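Engineer: Pasting data-v1.txt here (compact mmCIF, C-alpha atoms and all ligand atoms):
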# COMPACT_ATOMS: atom_id res chain seq x y z
CA MET U 200 96.43 112.42 74.67
CA PRO U 201 99.57 114.45 75.49
CA THR U 202 102.78 113.10 73.99
CA SER U 203 104.60 113.57 77.31
CA SER U 204 102.27 111.13 79.10
CA LEU U 205 104.16 109.31 81.83
CA ILE U 206 101.24 106.91 82.30
CA VAL U 207 98.94 105.61 79.60
CA LEU U 208 96.29 103.01 80.39
CA ASP U 209 94.35 101.74 77.42
CA ALA U 210 91.24 99.58 78.07
CA VAL U 211 92.81 98.04 81.17
CA CYS U 212 90.79 95.29 82.86
CA LYS U 213 91.59 93.27 85.97
CA ARG U 214 89.76 90.05 86.78
CA TYR U 215 90.26 87.66 89.67
CA GLU U 216 89.28 84.02 89.65
CA THR U 217 87.52 83.24 92.91
CA ALA U 218 85.71 80.18 94.27
CA ALA U 219 82.46 81.91 93.32
CA GLY U 220 83.67 82.52 89.74
CA PRO U 221 85.50 85.38 88.00
CA VAL U 222 85.25 88.86 89.51
CA SER U 223 85.90 92.00 87.44
CA VAL U 224 87.65 94.56 89.60
CA LEU U 225 88.76 97.03 86.90
CA ARG U 226 86.77 97.48 83.68
CA ASP U 227 88.00 99.29 80.59
CA ILE U 228 90.17 101.87 82.31
CA ASP U 229 91.44 104.55 79.91
CA LEU U 230 93.69 107.03 81.67
CA ALA U 231 96.61 109.19 80.58
CA VAL U 232 98.62 111.13 83.16
CA GLY U 233 101.13 113.68 81.91
CA THR U 234 104.47 114.48 83.48
CA GLY U 235 104.03 116.99 86.30
CA GLU U 236 100.35 116.29 86.95
CA SER U 237 98.88 115.73 90.42
CA VAL U 238 95.96 113.32 90.48
CA ALA U 239 93.68 112.15 93.28
CA ILE U 240 91.94 108.82 92.76
CA MET U 241 88.75 108.68 94.75
CA GLY U 242 85.91 106.21 95.12
CA PRO U 243 84.09 104.01 97.61
CA SER U 244 85.75 101.13 99.40
CA GLY U 245 86.09 98.16 97.06
CA SER U 246 85.87 100.27 93.89
CA GLY U 247 89.32 99.12 92.72
CA LYS U 248 91.58 102.00 93.79
CA SER U 249 94.34 99.88 95.31
CA THR U 250 94.17 97.40 92.43
CA LEU U 251 94.66 100.29 90.01
CA MET U 252 97.58 101.65 92.05
CA ASN U 253 99.22 98.20 92.12
CA ILE U 254 99.00 98.03 88.33
CA LEU U 255 100.33 101.60 87.97
CA GLY U 256 103.20 100.62 90.29
CA CYS U 257 104.04 97.47 88.28
CA LEU U 258 103.34 95.41 91.39
CA ASP U 259 100.50 93.66 89.56
CA VAL U 260 99.63 93.23 85.89
CA ALA U 261 96.40 93.86 84.00
CA SER U 262 94.30 90.90 82.79
CA SER U 263 93.83 92.70 79.47
CA GLY U 264 94.47 96.10 77.94
CA ARG U 265 97.71 98.01 77.69
CA TYR U 266 99.82 99.92 80.21
CA LEU U 267 102.62 102.18 79.02
CA LEU U 268 104.85 103.59 81.77
CA ASP U 269 107.37 106.14 80.55
CA GLY U 270 106.70 104.86 77.02
CA GLN U 271 107.39 101.21 77.88
CA ASP U 272 104.74 98.52 77.48
CA VAL U 273 104.76 96.91 80.92
CA ALA U 274 103.18 93.64 79.70
CA GLY U 275 106.15 93.10 77.38
CA LEU U 276 108.64 93.09 80.27
CA ASP U 277 109.70 90.11 82.34
CA HIS U 278 109.73 90.19 86.14
CA ASP U 279 113.26 91.64 86.45
CA GLN U 280 112.73 94.26 83.75
CA ARG U 281 109.50 95.36 85.47
CA ALA U 282 111.34 95.65 88.79
CA HIS U 283 114.06 97.70 87.10
CA LEU U 284 111.53 100.06 85.49
CA ARG U 285 109.72 100.39 88.83
CA ASN U 286 112.90 101.21 90.75
CA ARG U 287 114.00 103.72 88.12
CA VAL U 288 110.73 105.65 87.82
CA ILE U 289 108.52 105.17 90.90
CA GLY U 290 108.56 106.01 94.60
CA PHE U 291 105.85 104.42 96.77
CA VAL U 292 104.18 105.82 99.87
CA PHE U 293 101.61 103.77 101.80
CA GLN U 294 99.05 104.40 104.51
CA GLY U 295 101.08 102.52 107.11
CA PHE U 296 104.52 104.07 107.01
CA ASN U 297 106.27 100.65 106.77
CA LEU U 298 109.50 101.77 108.43
CA LEU U 299 111.84 99.17 109.90
CA PRO U 300 111.63 99.75 113.67
CA ARG U 301 115.17 98.79 114.69
CA ILE U 302 117.21 100.91 112.30
CA SER U 303 117.70 104.67 112.23
CA LEU U 304 115.67 107.06 110.10
CA LEU U 305 118.76 107.59 107.92
CA ASP U 306 119.15 103.84 107.36
CA ASN U 307 115.43 103.49 106.60
CA VAL U 308 115.69 106.18 103.93
CA ALA U 309 118.88 104.67 102.51
CA LEU U 310 117.40 101.16 102.22
CA PRO U 311 116.32 101.36 98.53
CA LEU U 312 119.89 102.39 97.65
CA LEU U 313 121.28 99.38 99.51
CA TYR U 314 119.14 97.14 97.29
CA ALA U 315 120.46 99.07 94.28
CA SER U 316 124.08 98.42 95.40
CA VAL U 317 124.96 102.12 95.80
CA PRO U 318 128.21 102.51 97.82
CA GLU U 319 127.76 103.35 101.50
CA ARG U 320 129.13 106.90 101.50
CA GLU U 321 126.87 107.81 98.59
CA ARG U 322 123.90 106.14 100.31
CA ARG U 323 124.42 108.23 103.44
CA ARG U 324 124.81 111.45 101.45
CA ARG U 325 121.66 110.91 99.42
CA ALA U 326 119.59 109.73 102.41
CA GLN U 327 120.66 112.81 104.35
CA GLU U 328 119.70 115.06 101.44
CA SER U 329 116.34 113.28 101.17
CA LEU U 330 115.62 113.75 104.89
CA GLN U 331 116.41 117.44 104.51
CA ARG U 332 113.96 117.70 101.61
CA VAL U 333 111.13 116.53 103.88
CA GLY U 334 112.15 118.84 106.73
CA LEU U 335 113.85 116.22 108.90
CA GLY U 336 117.47 117.32 108.78
CA GLY U 337 118.96 116.56 112.21
CA PHE U 338 116.77 113.48 112.82
CA GLU U 339 119.12 111.04 111.04
CA ALA U 340 120.06 108.94 114.09
CA TYR U 341 116.55 108.64 115.59
CA LEU U 342 114.66 105.36 115.65
CA PRO U 343 111.16 105.50 114.06
CA SER U 344 109.44 105.06 117.45
CA ARG U 345 110.95 108.36 118.67
CA VAL U 346 109.14 110.50 116.10
CA SER U 347 105.45 111.28 115.48
CA GLY U 348 103.19 109.64 112.89
CA GLY U 349 103.45 112.68 110.62
CA GLN U 350 107.24 112.59 110.88
CA GLN U 351 107.25 108.85 110.14
CA GLN U 352 105.26 109.54 106.99
CA ARG U 353 107.82 112.23 106.05
CA VAL U 354 110.55 109.60 106.46
CA ALA U 355 108.58 107.26 104.18
CA ILE U 356 108.37 110.10 101.63
CA ALA U 357 112.13 110.68 101.96
CA ARG U 358 112.65 106.95 101.33
CA ALA U 359 110.43 107.21 98.22
CA LEU U 360 112.47 110.22 97.03
CA VAL U 361 115.93 108.78 97.57
CA SER U 362 116.07 107.00 94.21
CA GLY U 363 115.12 110.17 92.32
CA PRO U 364 111.67 109.04 91.09
CA ARG U 365 109.66 110.89 88.44
CA LEU U 366 106.41 109.47 89.80
CA ILE U 367 105.16 109.12 93.36
CA LEU U 368 102.31 106.67 93.97
CA ALA U 369 100.66 107.07 97.35
CA ASP U 370 97.77 104.85 98.53
CA GLU U 371 95.85 106.71 101.25
CA PRO U 372 99.04 108.39 102.52
CA THR U 373 97.14 110.45 105.10
CA GLY U 374 94.76 107.68 106.20
CA ASN U 375 96.45 107.31 109.60
CA LEU U 376 96.98 111.02 110.27
CA ASP U 377 94.93 113.81 111.85
CA THR U 378 93.61 116.64 109.68
CA GLN U 379 96.35 119.18 110.35
CA THR U 380 99.16 116.65 109.88
CA SER U 381 97.45 115.38 106.72
CA HIS U 382 97.43 118.90 105.29
CA GLU U 383 101.13 119.30 106.13
CA ILE U 384 101.89 116.05 104.29
CA MET U 385 99.83 117.22 101.28
CA THR U 386 101.67 120.56 101.30
CA LEU U 387 104.94 118.60 101.20
CA PHE U 388 103.71 116.44 98.28
CA MET U 389 102.49 119.47 96.34
CA GLY U 390 105.82 121.23 96.92
CA LEU U 391 107.67 118.25 95.42
CA ASN U 392 105.19 118.30 92.53
CA ALA U 393 105.52 122.04 91.90
CA ALA U 394 109.24 122.55 92.53
CA ASP U 395 110.66 119.28 91.25
CA GLY U 396 108.00 118.34 88.69
CA ILE U 397 107.44 114.94 90.30
CA THR U 398 104.18 113.48 89.02
CA LEU U 399 101.86 112.57 91.88
CA VAL U 400 99.07 109.99 91.87
CA LEU U 401 97.42 109.40 95.21
CA VAL U 402 94.38 107.58 96.54
CA THR U 403 92.18 109.24 99.11
CA HIS U 404 88.56 109.09 100.16
CA GLU U 405 88.74 112.53 101.75
CA GLN U 406 87.67 115.53 99.70
CA ASP U 407 89.88 118.00 101.59
CA ILE U 408 92.92 115.86 100.69
CA ALA U 409 91.88 115.51 97.05
CA ASP U 410 91.42 119.30 96.89
CA PHE U 411 95.18 119.80 97.05
CA THR U 412 95.59 118.11 93.64
CA HIS U 413 94.63 119.51 90.25
CA ARG U 414 92.79 116.46 88.88
CA HIS U 415 90.20 114.16 90.43
CA VAL U 416 89.46 110.70 89.04
CA LEU U 417 86.44 108.90 90.51
CA LEU U 418 86.27 105.10 90.41
CA VAL U 419 82.93 103.36 90.90
CA ASP U 420 82.65 99.56 90.57
CA GLY U 421 85.96 99.39 88.72
CA ARG U 422 85.08 102.00 86.13
CA ILE U 423 86.11 105.65 85.80
CA ALA U 424 82.88 107.48 86.62
CA ALA U 425 84.38 111.01 86.48
CA ASP U 426 87.69 112.61 85.54
CA HIS U 427 87.86 116.33 86.36
CA LEU U 428 90.64 118.80 85.73
CA LEU U 429 90.32 121.56 88.30
CA GLY U 430 90.44 125.23 87.38
CA GLU U 431 93.36 127.58 87.70
CA ALA U 432 91.94 129.10 90.87
CA THR U 433 92.25 125.78 92.68
CA ALA U 434 95.62 125.01 91.19
CA ALA U 435 96.94 128.45 92.15
CA ARG U 436 95.92 127.91 95.76
CA VAL U 437 98.42 125.09 96.19
CA SER U 438 101.26 126.68 94.22
CA PRO U 439 104.00 128.40 96.21
N1 LIG K 1 93.31 88.92 95.10
C1 LIG K 1 91.99 89.18 94.98
N2 LIG K 1 91.13 88.20 94.67
C2 LIG K 1 89.80 88.47 94.56
N3 LIG K 1 89.25 89.69 94.72
C3 LIG K 1 90.07 90.70 95.02
C4 LIG K 1 91.48 90.52 95.18
N4 LIG K 1 92.05 91.71 95.47
C5 LIG K 1 91.04 92.59 95.51
N5 LIG K 1 89.85 91.99 95.25
C6 LIG K 1 88.53 92.64 95.20
O1 LIG K 1 88.63 93.70 94.30
C7 LIG K 1 87.80 94.78 94.71
C8 LIG K 1 88.59 96.07 94.71
O2 LIG K 1 89.57 96.01 95.73
P1 LIG K 1 90.56 97.22 96.01
O3 LIG K 1 91.30 97.53 94.76
O4 LIG K 1 91.37 96.88 97.22
O5 LIG K 1 89.53 98.39 96.34
P2 LIG K 1 89.74 99.80 97.08
O6 LIG K 1 91.19 100.04 97.24
O7 LIG K 1 89.04 100.79 96.22
O8 LIG K 1 89.02 99.66 98.41
C9 LIG K 1 87.23 94.41 96.05
O9 LIG K 1 85.91 93.95 95.86
C10 LIG K 1 88.14 93.29 96.50
O10 LIG K 1 87.44 92.40 97.32
MG MG K 2 92.42 100.40 98.91
If you convert what's in this file into C-alpha cells, what do you get?
Structural biologist:
Amino acid sequence: MPTSSLIVLDAVCKRYETAAGPVSVLRDIDLAVGTGESVAIMGPSGSGKSTLMNILGCLDVASSGRYLLDGQDVAGLDHDQRAHLRNRVIGFVFQGFNLLPRISLLDNVALPLLYASVPERERRRRAQESLQRVGLGGFEAYLPSRVSGGQQQRVAIARALVSGPRLILADEPTGNLDTQTSHEIMTLFMGLNAADGITLVLVTHEQDIADFTHRHVLLVDGRIAADHLLGEATAARVSP
C-alpha cells in the first residue's frame, strides 16, 4: 500500500436494515487510491457503486471497517469535522448537473465559497478562474438554461474545482451526455488529473469512458471482483 494513499478502505462493509431484514450492500472492500491516480468504478446496476462513492465522499459512513481519507479516520470525526474534511479535500460532480436555474453560471460556481464565508471579491475572482479552467471564460453572466448539457457539466466541474480539491468524485458524470460530449468531459477530467495532479474517482458503466482512466475497479454484488492497473500504452494515450 503506497504511503501517499489519499484513500484507504480497509474491510469496509455497508448494511441497511430493511423491512425484509438486513441487506449487505458493500462487503469487505479493501481499496487504496494514491494521490494522482485516476480510477473508474464499474459494475452492474445495484452493485453498490453509488453507496461506495457516498462513503468515499463522507456523505455516508461504513457499517464496519475503516476509512482513512488524507490520513484521517473518518469514523472518528463528528458530523461537523466530517463536513470540514469533505469541503477541504473533495469536489463532487454528479450525473444531473445540479445547477441552480435562477442564478448566473458565475454565481453557481461561487456557491461553495459563499458557504465557506469567502469575501465576495475573492469569490468572484476564484469562480472566474474556475470557469476559465473548464473552457467557459466569457460565460459568467449566462443562466444555466442558456448553455448546453455539456457546458452545464463543465460548470458543475468548475464548481467542484473552486475550493481547490485534491480529489474529485464523479458519479456517472457523463450519464446524461452524448458520446462526443462525454469524451470532451473525460478529456477535461484527465487534463485536471495530469496537469494539476487532482485524484479522480468516477463511476461509469461505459467502457469507452472507463478507458480514459488508468485503473478499473469492478464491483459485483458489493464486492471488488477485479482491480486492474492499465498499461503505459493506455495511460500515454490520455496524457497531453
Ligand atoms: N437506503 C437504502 N436502504 C436499503 N437498500 C439500499 C439503500 N440504498 C441503496 N440500497 C441498495 O443497495 C444496493 C446498491 O445500491 P447503489 O449503491 O445505488 O448501486 P449502484 O450505484 O451500483 O447502482 C441496491 O440493491 C440498492 O437497492
Ligand atoms: Mg448508482
Engineer: Can you tell me which residues come within 7 Å of ligand LIG 1 (chain K) when counting all atoms listed in the file, ideally as a PyMOL selection string?
Structural biologist: chain U and resi 215-217+222+224+242-251
Engineer: Which residues come within 10 Å of Val207 in chain U, counting all atoms listed in the file, excluding same-chain residues fewer than 5 positions away, as a short mmCIF file (atom, residue, chain, number, x, y, z; two decimals) with C-alpha atoms, in the coordinates of the input?
Structural biologist:
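What ended up in selection-v7.cif:
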data_model
loop_
_atom_site.label_atom_id
_atom_site.label_comp_id
_atom_site.auth_asym_id
_atom_site.auth_seq_id
_atom_site.Cartn_x
_atom_site.Cartn_y
_atom_site.Cartn_z
CA MET U 200 96.43 112.42 74.67
CA PRO U 201 99.57 114.45 75.49
CA ILE U 228 90.17 101.87 82.31
CA ASP U 229 91.44 104.55 79.91
CA LEU U 230 93.69 107.03 81.67
CA ALA U 231 96.61 109.19 80.58
CA VAL U 232 98.62 111.13 83.16
CA GLY U 233 101.13 113.68 81.91
CA LEU U 255 100.33 101.60 87.97
CA ARG U 265 97.71 98.01 77.69
CA TYR U 266 99.82 99.92 80.21
CA LEU U 267 102.62 102.18 79.02
CA LEU U 268 104.85 103.59 81.77
CA ASP U 269 107.37 106.14 80.55
CA GLY U 270 106.70 104.86 77.02
CA GLN U 271 107.39 101.21 77.88
CA ASP U 272 104.74 98.52 77.48
#
Engineer: Using all atoms listed in the file, list the residues that have an atom at most 12 Å from (91.0, 118.2, 86.9), coordinates as in the file, as an NGL selection string.
Structural biologist: :U and (232 or 236-240 or 409-417 or 425-434)
Engineer: Let me make sure I understand: among U:Leu366, U:Leu360, U:Met241, U:Ala309, which one has the smallest atom-to-atom distance to ligand MG 2 (chain K) if we use all atoms listed in the file?
Structural biologist: U:Met241
Engineer: Please provide the set of residues having any atom within 8 Å of range 315-326 of chain U, restricted to only C-alpha atoms, with same-chain residues fewer than 5 positions apart removed, written as a list in words.
Structural biologist: Leu305, Asp306, Val308, Ala309, Ala357, Arg358 and Val361 of chain U
Engineer: Report the centre and edge lengths, in Å to one decimal, of an axis-aligned box enclosing every atom of range 418-422 of chain U listed in the file, padded by 6 Å on each side, as AutoDock Vina command-line options.
Structural biologist:
--center_x 84.5 --center_y 102.2 --center_z 88.5 --size_x 15.6 --size_y 17.7 --size_z 16.8
Engineer: Determine, counting only C-alpha atoms, which protein, DNA and RNA residues have an atom within 12 Å of an atom of Asn253 in chain U; residues of the same chain fewer than 2 positions away are not included. Present the result as number ranges by chain.
Structural biologist: U: 213, 225, 247-251, 255-261, 285, 289, 291-293, 368-370, 400-402
Engineer: How would the residues just picked look written out with C-alpha atoms as an mmCIF file, in the frame of the given file?
Structural biologist:
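Now in result.cif:
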data_model
loop_
_atom_site.group_PDB
_atom_site.id
_atom_site.type_symbol
_atom_site.label_atom_id
_atom_site.label_comp_id
_atom_site.auth_asym_id
_atom_site.auth_seq_id
_atom_site.Cartn_x
_atom_site.Cartn_y
_atom_site.Cartn_z
ATOM 1 C CA LYS U 213 91.590 93.270 85.970
ATOM 2 C CA LEU U 225 88.760 97.030 86.900
ATOM 3 C CA GLY U 247 89.320 99.120 92.720
ATOM 4 C CA LYS U 248 91.580 102.000 93.790
ATOM 5 C CA SER U 249 94.340 99.880 95.310
ATOM 6 C CA THR U 250 94.170 97.400 92.430
ATOM 7 C CA LEU U 251 94.660 100.290 90.010
ATOM 8 C CA LEU U 255 100.330 101.600 87.970
ATOM 9 C CA GLY U 256 103.200 100.620 90.290
ATOM 10 C CA CYS U 257 104.040 97.470 88.280
ATOM 11 C CA LEU U 258 103.340 95.410 91.390
ATOM 12 C CA ASP U 259 100.500 93.660 89.560
ATOM 13 C CA VAL U 260 99.630 93.230 85.890
ATOM 14 C CA ALA U 261 96.400 93.860 84.000
ATOM 15 C CA ARG U 285 109.720 100.390 88.830
ATOM 16 C CA ILE U 289 108.520 105.170 90.900
ATOM 17 C CA PHE U 291 105.850 104.420 96.770
ATOM 18 C CA VAL U 292 104.180 105.820 99.870
ATOM 19 C CA PHE U 293 101.610 103.770 101.800
ATOM 20 C CA LEU U 368 102.310 106.670 93.970
ATOM 21 C CA ALA U 369 100.660 107.070 97.350
ATOM 22 C CA ASP U 370 97.770 104.850 98.530
ATOM 23 C CA VAL U 400 99.070 109.990 91.870
ATOM 24 C CA LEU U 401 97.420 109.400 95.210
ATOM 25 C CA VAL U 402 94.380 107.580 96.540
#
Engineer: As an exercise, work out the distance from CA of Leu313 in chain U to CA of Arg353 in chain U in Å and give it to one decimal place.
Structural biologist: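 Result for CA of Leu313 in chain U versus CA of Arg353 in chain U: 19.7 Å, one decimal.
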Engineer: Pick the closest to ligand MG 2 (chain K) from U:Leu418, U:Ile423, U:Leu387, U:Leu276: which is it, counting all atoms listed in the file?
Structural biologist: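 Between U:Leu418, U:Ile423, U:Leu387, U:Leu276, the residue approaching ligand MG 2 (chain K) most closely is U:Leu418.
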Engineer: Kindly indicate which residue among U:Ile356, U:Ala218, U:Ile384, U:Met252 lies nearest to ligand MG 2 (chain K), using only C-alpha atoms and all ligand atoms for the distances.
Structural biologist: U:Met252
Engineer: Suppose you want the space between atom MG of ligand MG 2 (chain K) and CA of Glu371 in chain U; what is it in Å?
Structural biologist: 7.6 Å
Engineer: Choose the residue, out of U:Thr386, U:Gln294, U:Gln331, U:Glu339, that has the smallest atom-to-atom separation from ligand MG 2 (chain K); count only C-alpha atoms and all ligand atoms.
Structural biologist: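 That would be U:Gln294, the residue with the smallest distance to ligand MG 2 (chain K).
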Engineer: For Leu376 in chain U, which residue among U:Gly337, U:Gln352, U:Thr398, U:Ser362 is the nearest when counting all atoms listed in the file?
Structural biologist: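 Looking at the shortest contact to Leu376 in chain U, the residue is U:Gln352.
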Engineer: CA of His278 in chain U to CA of Ala359 in chain U: how many Å, to one decimal?
Structural biologist: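 Computing it gives 20.9 Å between the two atoms.
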Engineer: Name the closest residue to ligand MG 2 (chain K) among the candidates U:His404, U:Arg422, U:Arg332, U:Arg301; distances are taken between atoms, counting all atoms listed in the file.
Structural biologist: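 Counting all atoms listed in the file, the residue closest to ligand MG 2 (chain K) is U:His404.
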Engineer: At a cut-off of 8 Å, using only C-alpha atoms, what residues contact Val354 in chain U? Leave out same-chain residues fewer than 5 positions from it and give the result as a list in words.
Structural biologist: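 Final neighbour list, sorted by chain and number: Leu304, Asn307, Val308, Leu330, Val333 and Leu335 of chain U.
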